[in-house]
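Here is the file protein_18.pdb (PDB, C-alpha atoms).
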ATOM      1  CA  MET B   1     117.270  68.353 132.212  1.00  0.00           C
ATOM      2  CA  SER B   2     114.208  69.022 130.063  1.00  0.00           C
ATOM      3  CA  LEU B   3     110.843  67.401 130.699  1.00  0.00           C
ATOM      4  CA  ALA B   4     111.111  65.512 127.383  1.00  0.00           C
ATOM      5  CA  ALA B   5     114.494  64.092 128.400  1.00  0.00           C
ATOM      6  CA  ILE B   6     113.148  63.011 131.796  1.00  0.00           C
ATOM      7  CA  LEU B   7     110.146  61.353 130.197  1.00  0.00           C
ATOM      8  CA  SER B   8     112.221  59.526 127.591  1.00  0.00           C
ATOM      9  CA  CYS B   9     114.663  58.279 130.250  1.00  0.00           C
ATOM     10  CA  SER B  10     111.878  57.043 132.482  1.00  0.00           C
ATOM     11  CA  GLN B  11     109.766  55.408 129.793  1.00  0.00           C
ATOM     12  CA  VAL B  12     108.360  52.250 131.323  1.00  0.00           C
ATOM     13  CA  ILE B  13     108.125  49.010 129.422  1.00  0.00           C
ATOM     14  CA  ALA B  14     104.654  47.566 129.886  1.00  0.00           C
ATOM     15  CA  ALA B  15     104.243  44.015 131.167  1.00  0.00           C
ATOM     16  CA  PRO B  16     104.863  41.344 128.553  1.00  0.00           C
ATOM     17  CA  ILE B  17     102.399  39.871 126.096  1.00  0.00           C
ATOM     18  CA  LEU B  18     102.625  36.132 125.404  1.00  0.00           C
ATOM     19  CA  ILE B  19     101.434  34.704 122.090  1.00  0.00           C
ATOM     20  CA  LEU B  20     100.518  31.023 122.544  1.00  0.00           C
ATOM     21  CA  GLY B  21      99.795  29.731 119.083  1.00  0.00           C
ATOM     22  CA  ASP B  22     100.541  27.329 116.282  1.00  0.00           C
ATOM     23  CA  SER B  23     102.125  27.707 112.826  1.00  0.00           C
ATOM     24  CA  LEU B  24      99.887  30.686 111.980  1.00  0.00           C
ATOM     25  CA  SER B  25     101.672  32.637 114.714  1.00  0.00           C
ATOM     26  CA  ALA B  26     105.063  30.900 114.480  1.00  0.00           C
ATOM     27  CA  SER B  27     105.848  32.359 111.020  1.00  0.00           C
ATOM     28  CA  TYR B  28     105.660  28.978 109.266  1.00  0.00           C
ATOM     29  CA  GLY B  29     107.088  29.309 105.750  1.00  0.00           C
ATOM     30  CA  VAL B  30     107.976  32.981 106.315  1.00  0.00           C
ATOM     31  CA  ASP B  31     111.194  34.538 107.600  1.00  0.00           C
ATOM     32  CA  GLU B  32     110.642  35.112 111.326  1.00  0.00           C
ATOM     33  CA  ASP B  33     111.512  38.805 110.970  1.00  0.00           C
ATOM     34  CA  GLN B  34     108.583  39.157 108.538  1.00  0.00           C
ATOM     35  CA  GLY B  35     106.096  37.300 110.759  1.00  0.00           C
ATOM     36  CA  TRP B  36     103.152  39.189 112.207  1.00  0.00           C
ATOM     37  CA  VAL B  37     104.311  38.738 115.811  1.00  0.00           C
ATOM     38  CA  ASN B  38     107.661  40.359 115.015  1.00  0.00           C
ATOM     39  CA  LEU B  39     105.931  43.141 113.070  1.00  0.00           C
ATOM     40  CA  MET B  40     103.723  43.715 116.110  1.00  0.00           C
ATOM     41  CA  ARG B  41     106.843  44.120 118.269  1.00  0.00           C
ATOM     42  CA  LYS B  42     107.891  47.038 116.053  1.00  0.00           C
ATOM     43  CA  LYS B  43     104.414  48.587 116.188  1.00  0.00           C
ATOM     44  CA  MET B  44     104.061  48.165 119.978  1.00  0.00           C
ATOM     45  CA  PRO B  45     107.586  48.934 121.291  1.00  0.00           C
ATOM     46  CA  GLN B  46     106.239  49.674 124.763  1.00  0.00           C
ATOM     47  CA  HIS B  47     105.485  45.949 125.204  1.00  0.00           C
ATOM     48  CA  GLU B  48     107.759  42.965 125.382  1.00  0.00           C
ATOM     49  CA  ILE B  49     106.055  40.485 123.062  1.00  0.00           C
ATOM     50  CA  VAL B  50     107.086  36.863 123.549  1.00  0.00           C
ATOM     51  CA  ASN B  51     106.206  34.405 120.815  1.00  0.00           C
ATOM     52  CA  GLY B  52     105.522  31.058 122.466  1.00  0.00           C
ATOM     53  CA  SER B  53     104.043  29.631 119.260  1.00  0.00           C
ATOM     54  CA  VAL B  54     105.093  26.296 117.777  1.00  0.00           C
ATOM     55  CA  SER B  55     104.196  24.951 114.351  1.00  0.00           C
ATOM     56  CA  GLY B  56     101.931  21.918 114.608  1.00  0.00           C
ATOM     57  CA  GLU B  57     100.890  22.787 118.169  1.00  0.00           C
ATOM     58  CA  THR B  58      97.576  21.491 119.512  1.00  0.00           C
ATOM     59  CA  THR B  59      95.687  22.765 122.534  1.00  0.00           C
ATOM     60  CA  ALA B  60      97.086  19.793 124.508  1.00  0.00           C
ATOM     61  CA  GLY B  61     100.659  20.760 123.583  1.00  0.00           C
ATOM     62  CA  GLY B  62     100.034  24.398 124.411  1.00  0.00           C
ATOM     63  CA  LEU B  63      98.554  23.380 127.745  1.00  0.00           C
ATOM     64  CA  ARG B  64     101.643  21.278 128.555  1.00  0.00           C
ATOM     65  CA  ARG B  65     104.000  24.190 127.800  1.00  0.00           C
ATOM     66  CA  LEU B  66     101.891  26.938 129.376  1.00  0.00           C
ATOM     67  CA  PRO B  67     102.917  26.678 133.063  1.00  0.00           C
ATOM     68  CA  ALA B  68     106.619  27.181 132.264  1.00  0.00           C
ATOM     69  CA  LEU B  69     105.815  30.045 129.874  1.00  0.00           C
ATOM     70  CA  LEU B  70     103.629  31.784 132.456  1.00  0.00           C
ATOM     71  CA  ASP B  71     106.371  31.451 135.092  1.00  0.00           C
ATOM     72  CA  SER B  72     109.173  32.709 132.857  1.00  0.00           C
ATOM     73  CA  VAL B  73     107.339  35.441 130.909  1.00  0.00           C
ATOM     74  CA  LYS B  74     104.935  36.661 133.621  1.00  0.00           C
ATOM     75  CA  PRO B  75     102.626  38.091 130.951  1.00  0.00           C
ATOM     76  CA  GLU B  76     100.064  40.799 131.462  1.00  0.00           C
ATOM     77  CA  LEU B  77      98.154  39.301 128.527  1.00  0.00           C
ATOM     78  CA  VAL B  78      98.133  35.907 126.834  1.00  0.00           C
ATOM     79  CA  LEU B  79      96.794  35.704 123.287  1.00  0.00           C
ATOM     80  CA  VAL B  80      95.709  32.103 122.685  1.00  0.00           C
ATOM     81  CA  GLU B  81      95.636  31.121 119.004  1.00  0.00           C
ATOM     82  CA  LEU B  82      95.253  27.358 119.228  1.00  0.00           C
ATOM     83  CA  GLY B  83      92.838  24.743 117.953  1.00  0.00           C
ATOM     84  CA  GLY B  84      93.528  24.605 114.227  1.00  0.00           C
ATOM     85  CA  ASN B  85      95.662  21.481 114.531  1.00  0.00           C
ATOM     86  CA  ASP B  86      93.088  19.916 116.848  1.00  0.00           C
ATOM     87  CA  GLY B  87      90.547  20.378 114.068  1.00  0.00           C
ATOM     88  CA  LEU B  88      92.883  19.116 111.338  1.00  0.00           C
ATOM     89  CA  ARG B  89      93.461  15.973 113.411  1.00  0.00           C
ATOM     90  CA  GLY B  90      89.736  15.484 113.967  1.00  0.00           C
ATOM     91  CA  PHE B  91      89.798  15.941 117.742  1.00  0.00           C
ATOM     92  CA  THR B  92      86.352  16.254 119.265  1.00  0.00           C
ATOM     93  CA  PRO B  93      84.971  19.678 120.179  1.00  0.00           C
ATOM     94  CA  GLN B  94      84.776  18.354 123.757  1.00  0.00           C
ATOM     95  CA  GLN B  95      88.556  17.696 123.809  1.00  0.00           C
ATOM     96  CA  LEU B  96      89.132  21.175 122.388  1.00  0.00           C
ATOM     97  CA  LYS B  97      86.914  22.744 125.046  1.00  0.00           C
ATOM     98  CA  GLU B  98      88.522  20.829 127.918  1.00  0.00           C
ATOM     99  CA  ASN B  99      92.058  21.872 126.901  1.00  0.00           C
ATOM    100  CA  LEU B 100      91.135  25.498 126.244  1.00  0.00           C
ATOM    101  CA  THR B 101      89.271  25.643 129.572  1.00  0.00           C
ATOM    102  CA  LYS B 102      92.426  24.489 131.371  1.00  0.00           C
ATOM    103  CA  ILE B 103      94.512  27.055 129.457  1.00  0.00           C
ATOM    104  CA  ILE B 104      92.086  29.827 130.434  1.00  0.00           C
ATOM    105  CA  THR B 105      91.969  28.705 134.081  1.00  0.00           C
ATOM    106  CA  LEU B 106      95.778  28.486 134.385  1.00  0.00           C
ATOM    107  CA  THR B 107      96.251  31.879 132.749  1.00  0.00           C
ATOM    108  CA  LYS B 108      93.706  33.595 134.983  1.00  0.00           C
ATOM    109  CA  ALA B 109      95.131  31.904 138.091  1.00  0.00           C
ATOM    110  CA  LYS B 110      98.488  33.570 137.334  1.00  0.00           C
ATOM    111  CA  GLY B 111      96.747  36.965 137.137  1.00  0.00           C
ATOM    112  CA  SER B 112      97.147  37.362 133.376  1.00  0.00           C
ATOM    113  CA  GLN B 113      94.425  38.614 131.083  1.00  0.00           C
ATOM    114  CA  LEU B 114      93.457  36.399 128.178  1.00  0.00           C
ATOM    115  CA  LEU B 115      92.512  37.137 124.591  1.00  0.00           C
ATOM    116  CA  LEU B 116      91.105  34.075 122.837  1.00  0.00           C
ATOM    117  CA  SER B 117      91.345  33.885 119.071  1.00  0.00           C
ATOM    118  CA  GLU B 118      88.520  32.172 117.283  1.00  0.00           C
ATOM    119  CA  ILE B 119      89.702  29.361 115.012  1.00  0.00           C
ATOM    120  CA  MET B 120      87.811  27.913 112.073  1.00  0.00           C
ATOM    121  CA  VAL B 121      88.293  24.559 110.426  1.00  0.00           C
ATOM    122  CA  PRO B 122      88.254  24.104 106.639  1.00  0.00           C
ATOM    123  CA  PRO B 123      84.786  23.570 105.120  1.00  0.00           C
ATOM    124  CA  ASN B 124      85.629  20.027 103.989  1.00  0.00           C
ATOM    125  CA  TYR B 125      85.165  18.890 107.605  1.00  0.00           C
ATOM    126  CA  GLY B 126      81.443  19.380 107.159  1.00  0.00           C
ATOM    127  CA  PRO B 127      79.075  22.040 108.460  1.00  0.00           C
ATOM    128  CA  ARG B 128      78.055  20.131 111.599  1.00  0.00           C
ATOM    129  CA  TYR B 129      81.621  19.651 112.873  1.00  0.00           C
ATOM    130  CA  ALA B 130      82.622  23.196 111.855  1.00  0.00           C
ATOM    131  CA  LYS B 131      79.659  24.676 113.724  1.00  0.00           C
ATOM    132  CA  MET B 132      80.330  22.625 116.875  1.00  0.00           C
ATOM    133  CA  PHE B 133      84.046  23.485 116.694  1.00  0.00           C
ATOM    134  CA  ASN B 134      83.432  27.229 116.292  1.00  0.00           C
ATOM    135  CA  GLN B 135      80.814  27.215 119.048  1.00  0.00           C
ATOM    136  CA  VAL B 136      83.467  26.109 121.574  1.00  0.00           C
ATOM    137  CA  TYR B 137      85.186  29.494 121.280  1.00  0.00           C
ATOM    138  CA  ALA B 138      81.997  31.528 121.684  1.00  0.00           C
ATOM    139  CA  ASP B 139      80.910  29.401 124.650  1.00  0.00           C
ATOM    140  CA  LEU B 140      84.281  29.737 126.405  1.00  0.00           C
ATOM    141  CA  ALA B 141      84.368  33.503 125.909  1.00  0.00           C
ATOM    142  CA  ALA B 142      80.911  33.820 127.459  1.00  0.00           C
ATOM    143  CA  GLU B 143      81.525  31.335 130.294  1.00  0.00           C
ATOM    144  CA  HIS B 144      84.863  32.858 131.335  1.00  0.00           C
ATOM    145  CA  GLN B 145      84.046  36.478 130.463  1.00  0.00           C
ATOM    146  CA  ILE B 146      87.042  36.861 128.181  1.00  0.00           C
ATOM    147  CA  THR B 147      87.427  38.698 124.896  1.00  0.00           C
ATOM    148  CA  LEU B 148      86.981  36.607 121.751  1.00  0.00           C
ATOM    149  CA  MET B 149      88.911  37.902 118.756  1.00  0.00           C
ATOM    150  CA  PRO B 150      87.515  36.879 115.346  1.00  0.00           C
ATOM    151  CA  PHE B 151      89.747  34.504 113.390  1.00  0.00           C
ATOM    152  CA  PHE B 152      92.414  36.655 111.729  1.00  0.00           C
ATOM    153  CA  MET B 153      92.624  34.307 108.740  1.00  0.00           C
ATOM    154  CA  THR B 154      89.009  34.822 107.628  1.00  0.00           C
ATOM    155  CA  LYS B 155      89.775  37.539 105.069  1.00  0.00           C
ATOM    156  CA  ILE B 156      93.358  36.406 104.448  1.00  0.00           C
ATOM    157  CA  ALA B 157      92.482  32.815 103.475  1.00  0.00           C
ATOM    158  CA  ILE B 158      90.147  33.878 100.645  1.00  0.00           C
ATOM    159  CA  ASN B 159      92.872  35.964  98.981  1.00  0.00           C
ATOM    160  CA  PRO B 160      95.287  33.737  97.014  1.00  0.00           C
ATOM    161  CA  ASP B 161      97.835  36.589  96.959  1.00  0.00           C
ATOM    162  CA  PHE B 162      98.094  36.252 100.758  1.00  0.00           C
ATOM    163  CA  MET B 163      98.408  32.461 100.960  1.00  0.00           C
ATOM    164  CA  GLN B 164     101.253  29.998 100.648  1.00  0.00           C
ATOM    165  CA  ARG B 165     100.926  27.145  98.161  1.00  0.00           C
ATOM    166  CA  ASP B 166      99.543  24.813 100.832  1.00  0.00           C
ATOM    167  CA  GLY B 167      96.397  26.967 101.053  1.00  0.00           C
ATOM    168  CA  ILE B 168      96.595  26.904 104.864  1.00  0.00           C
ATOM    169  CA  HIS B 169      99.362  29.305 105.869  1.00  0.00           C
ATOM    170  CA  PRO B 170      99.613  33.040 105.209  1.00  0.00           C
ATOM    171  CA  ASN B 171     102.578  34.248 103.169  1.00  0.00           C
ATOM    172  CA  ALA B 172     104.867  37.219 103.859  1.00  0.00           C
ATOM    173  CA  ALA B 173     102.494  39.636 102.088  1.00  0.00           C
ATOM    174  CA  ALA B 174      99.738  38.837 104.626  1.00  0.00           C
ATOM    175  CA  GLN B 175     101.761  39.350 107.797  1.00  0.00           C
ATOM    176  CA  ASN B 176     101.334  43.121 108.167  1.00  0.00           C
ATOM    177  CA  ASP B 177      97.563  42.807 107.662  1.00  0.00           C
ATOM    178  CA  ILE B 178      97.440  40.191 110.416  1.00  0.00           C
ATOM    179  CA  ALA B 179      99.450  42.418 112.784  1.00  0.00           C
ATOM    180  CA  GLU B 180      97.163  45.380 112.019  1.00  0.00           C
ATOM    181  CA  PHE B 181      94.123  43.167 112.709  1.00  0.00           C
ATOM    182  CA  VAL B 182      95.437  41.815 116.034  1.00  0.00           C
ATOM    183  CA  ILE B 183      96.816  45.020 117.605  1.00  0.00           C
ATOM    184  CA  PRO B 184      93.458  46.736 118.303  1.00  0.00           C
ATOM    185  CA  TRP B 185      92.174  43.539 119.940  1.00  0.00           C
ATOM    186  CA  ILE B 186      95.209  43.419 122.228  1.00  0.00           C
ATOM    187  CA  GLU B 187      94.813  47.105 123.074  1.00  0.00           C
ATOM    188  CA  LYS B 188      91.112  46.616 123.772  1.00  0.00           C
ATOM    189  CA  THR B 189      91.815  43.683 126.082  1.00  0.00           C
ATOM    190  CA  LEU B 190      94.592  45.469 127.995  1.00  0.00           C
TER     191      LEU B 190
END
Please rewrite the model in this file as structure tokens.
Amino acid sequence: MSLAAILSCSQVIAAPILILGDSLSASYGVDEDQGWVNLMRKKMPQHEIVNGSVSGETTAGGLRRLPALLDSVKPELVLVELGGNDGLRGFTPQQLKENLTKIITLTKAKGSQLLLSEIMVPPNYGPRYAKMFNQVYADLAAEHQITLMPFFMTKIAINPDFMQRDGIHPNAAAQNDIAEFVIPWIEKTL
């Protein structure tokens, strides 16, 4: 048997990656096969990528579902993309921070690494709230010594060709760009 054959037969699948997010990660309004998480699966075949994202999810909902996901998936890395719905519902930055802190603590206690995605609220919420909201992510990254990934929607949201009619969710054309943005952050964190 050749060395190439031996290597291909013994190729090891890396530990799973769990995406814990909301509609931005759950392919809302886009065929699931075209969603960025599924595209990432094709670009990172060495990893099992589990999409634990749910449209409309808040940090409280993600926190409630996290223990079962951690037990069943046993992820090497958890990418947390939550908080947008907290902001849209006007939850306080303190509530956001408390829930994300518990998510981080639970994830680390299970031995998984964590990649936290920054989330930004729309400008109509006012600069004071937006600044306090965004600061939560920077503070948590520093306090828990975890990687903070910039919000992947920053450049997408300003391009109408990449947005659905609601002005909130990315369309199918944006999904590959999102996958290409996220992959290096995952690789850096692993």
List the residues selected by the PyMOL selection byres ((chain B and resi 161-178) around 9) in the file shown, writing them as number ranges by chain. B: 23-24, 27-31, 34-37, 39-40, 122, 152-153, 156-160, 179-183
Measuring between only C-alpha atoms, which one of B:Lys155, B:Leu18, B:Trp185, B:Leu140 shows the shortest distance to Leu70 (chain B)?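 Between B:Lys155, B:Leu18, B:Trp185, B:Leu140, the residue approaching Leu70 (chain B) most closely is B:Leu18.
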I'd like the interatomic distance between CA of Asn85 (chain B) and CA of Pro16 (chain B), to a tenth of an Å. 26.0 Å
With only C-alpha atoms as the basis for distance, which of B:Gly111, B:Pro184, B:Gly21, B:Gly126 is at the shortest distance from Asp71 (chain B)? B:Gly111
Write out as a PyMOL selection string which residues come within 12 Å of Leu63 (chain B) when counting all atoms listed in the file, dropping same-chain ones fewer than 2 positions away. chain B and resi 20-21+52-53+57-61+65-70+80+82-83+96-107
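With all atoms listed in the file as the atoms that count, the residue of B:Pro45, B:Gly90, B:Pro75, B:Gly62 with the shortest distance to Tyr125 (chain B) is B:Gly90.
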From CA of Leu79 (chain B) to CA of Ala15 (chain B) the spacing works out at 13.7 Å
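Excluding Leu115 (chain B) itself and any same-chain residue fewer than 5 positions from it, the protein and nucleic acid residues within 7 Å of it, counting all atoms listed in the file, are Val78, Leu79, Val80, Ile146, Thr147, Leu148, Met149 and Thr189 of chain B.
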Just-selected residues, C-alpha atoms written as a PDB file, in the coordinates of the input:
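File again_10.pdb, as written:
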ATOM      1  CA  VAL B  78      98.133  35.907 126.834  1.00  0.00           C
ATOM      2  CA  LEU B  79      96.794  35.704 123.287  1.00  0.00           C
ATOM      3  CA  VAL B  80      95.709  32.103 122.685  1.00  0.00           C
ATOM      4  CA  ILE B 146      87.042  36.861 128.181  1.00  0.00           C
ATOM      5  CA  THR B 147      87.427  38.698 124.896  1.00  0.00           C
ATOM      6  CA  LEU B 148      86.981  36.607 121.751  1.00  0.00           C
ATOM      7  CA  MET B 149      88.911  37.902 118.756  1.00  0.00           C
ATOM      8  CA  THR B 189      91.815  43.683 126.082  1.00  0.00           C
TER       9      THR B 189
END
Report as a list in words all protein, DNA and RNA residues lying within 10 Å of Arg41 (chain B), evaluated on all atoms listed in the file, omitting residues in the same chain fewer than 5 positions from it.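 Neighbouring residues, sequence-local ones excluded: Ile17, Trp36, Gln46, His47, Glu48, Ile49, Val50 and Ala179 of chain B.
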Decode the PyMOL selection byres ((chain B and resi 129) around 12) for the given file into explicit residues and return them as a list in words. Gly87, Leu88, Gly90, Phe91, Thr92, Pro93, Gln94, Met120, Val121, Pro122, Pro123, Asn124, Tyr125, Gly126, Pro127, Arg128, Ala130, Lys131, Met132, Phe133, Asn134, Gln135 and Val136 of chain B
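Across the model, the gap from CA of Gly56 (chain B) to CA of Glu32 (chain B) is 16.1 Å.
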Between B:Gln95, B:Asn38, B:Gln113, B:Ser72, which residue has the minimum interatomic distance to Glu187 (chain B), considering all atoms listed in the file? B:Gln113
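Take the candidates B:Glu143, B:Glu76, B:Asp22, B:Asp33 and check each one against Ile186 (chain B) using all atoms listed in the file; the shortest distance goes to B:Glu76.
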Taking into account only C-alpha atoms, which residue in the set B:Ala138, B:Ala26, B:Asp86, B:Lys74 is nearest to Ala109 (chain B)?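 Closest to Ala109 (chain B), using only C-alpha atoms: B:Lys74.
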Just so I have it separately, write region 54-87 of chain B from the block I sent, keeping N, CA and C atoms, as a tab-separated table (two decimals), in the first residue's frame.
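Output file result-v9.tsv is given in full below:
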chain	number	residue	atom	x	y	z
B	54	VAL	N	-30.63	29.07	15.86
B	54	VAL	CA	-32.08	29.12	15.76
B	54	VAL	C	-32.49	30.56	15.48
B	55	SER	N	-33.32	30.74	14.47
B	55	SER	CA	-33.81	32.09	14.17
B	55	SER	C	-34.58	32.64	15.36
B	56	GLY	N	-34.33	33.90	15.67
B	56	GLY	CA	-35.00	34.57	16.78
B	56	GLY	C	-34.35	34.33	18.13
B	57	GLU	N	-33.26	33.56	18.16
B	57	GLU	CA	-32.62	33.18	19.42
B	57	GLU	C	-32.00	34.38	20.13
B	58	THR	N	-32.18	34.41	21.44
B	58	THR	CA	-31.53	35.40	22.30
B	58	THR	C	-30.40	34.71	23.06
B	59	THR	N	-29.63	35.49	23.79
B	59	THR	CA	-28.57	34.87	24.60
B	59	THR	C	-29.19	33.97	25.67
B	60	ALA	N	-30.35	34.34	26.20
B	60	ALA	CA	-31.01	33.50	27.22
B	60	ALA	C	-31.42	32.16	26.62
B	61	GLY	N	-31.97	32.17	25.41
B	61	GLY	CA	-32.35	30.93	24.74
B	61	GLY	C	-31.15	30.07	24.42
B	62	GLY	N	-30.10	30.70	23.93
B	62	GLY	CA	-28.86	29.96	23.64
B	62	GLY	C	-28.29	29.34	24.89
B	63	LEU	N	-28.34	30.07	25.99
B	63	LEU	CA	-27.84	29.57	27.27
B	63	LEU	C	-28.64	28.35	27.72
B	64	ARG	N	-29.96	28.40	27.55
B	64	ARG	CA	-30.82	27.27	27.93
B	64	ARG	C	-30.49	26.01	27.12
B	65	ARG	N	-30.19	26.18	25.85
B	65	ARG	CA	-29.94	25.03	24.97
B	65	ARG	C	-28.49	24.53	25.01
B	66	LEU	N	-27.59	25.37	25.51
B	66	LEU	CA	-26.16	25.06	25.44
B	66	LEU	C	-25.74	23.78	26.15
B	67	PRO	N	-26.18	23.50	27.38
B	67	PRO	CA	-25.69	22.29	28.05
B	67	PRO	C	-25.93	21.01	27.24
B	68	ALA	N	-27.12	20.87	26.67
B	68	ALA	CA	-27.42	19.68	25.87
B	68	ALA	C	-26.57	19.64	24.61
B	69	LEU	N	-26.35	20.80	23.98
B	69	LEU	CA	-25.51	20.85	22.78
B	69	LEU	C	-24.07	20.47	23.10
B	70	LEU	N	-23.55	20.98	24.20
B	70	LEU	CA	-22.17	20.66	24.59
B	70	LEU	C	-22.02	19.17	24.87
B	71	ASP	N	-23.03	18.57	25.52
B	71	ASP	CA	-22.97	17.14	25.83
B	71	ASP	C	-23.08	16.28	24.58
B	72	SER	N	-23.92	16.67	23.65
B	72	SER	CA	-24.12	15.82	22.46
B	72	SER	C	-23.04	16.04	21.40
B	73	VAL	N	-22.60	17.28	21.20
B	73	VAL	CA	-21.64	17.59	20.14
B	73	VAL	C	-20.20	17.40	20.60
B	74	LYS	N	-19.93	17.68	21.87
B	74	LYS	CA	-18.57	17.65	22.41
B	74	LYS	C	-17.61	18.45	21.52
B	75	PRO	N	-17.91	19.75	21.34
B	75	PRO	CA	-17.12	20.55	20.41
B	75	PRO	C	-15.73	20.91	20.91
B	76	GLU	N	-14.83	21.00	19.96
B	76	GLU	CA	-13.50	21.54	20.24
B	76	GLU	C	-13.60	23.06	20.35
B	77	LEU	N	-14.50	23.62	19.53
B	77	LEU	CA	-14.68	25.07	19.46
B	77	LEU	C	-16.16	25.40	19.37
B	78	VAL	N	-16.57	26.43	20.10
B	78	VAL	CA	-17.93	26.96	19.99
B	78	VAL	C	-17.82	28.40	19.49
B	79	LEU	N	-18.46	28.66	18.36
B	79	LEU	CA	-18.57	30.03	17.85
B	79	LEU	C	-19.90	30.57	18.32
B	80	VAL	N	-19.87	31.60	19.16
B	80	VAL	CA	-21.09	32.20	19.70
B	80	VAL	C	-21.40	33.46	18.91
B	81	GLU	N	-22.54	33.43	18.21
B	81	GLU	CA	-23.03	34.56	17.43
B	81	GLU	C	-24.43	34.87	17.94
B	82	LEU	N	-24.49	35.46	19.12
B	82	LEU	CA	-25.77	35.78	19.75
B	82	LEU	C	-25.73	37.19	20.32
B	83	GLY	N	-26.91	37.77	20.43
B	83	GLY	CA	-27.04	39.10	21.03
B	83	GLY	C	-27.87	40.04	20.18
B	84	GLY	N	-27.95	39.77	18.88
B	84	GLY	CA	-28.72	40.65	18.00
B	84	GLY	C	-30.17	40.76	18.41
B	85	ASN	N	-30.78	39.63	18.75
B	85	ASN	CA	-32.19	39.66	19.16
B	85	ASN	C	-32.37	40.26	20.54
B	86	ASP	N	-31.35	40.15	21.38
B	86	ASP	CA	-31.38	40.84	22.68
B	86	ASP	C	-31.47	42.35	22.44
B	87	GLY	N	-30.63	42.82	21.51
B	87	GLY	CA	-30.63	44.25	21.19
B	87	GLY	C	-31.94	44.69	20.56
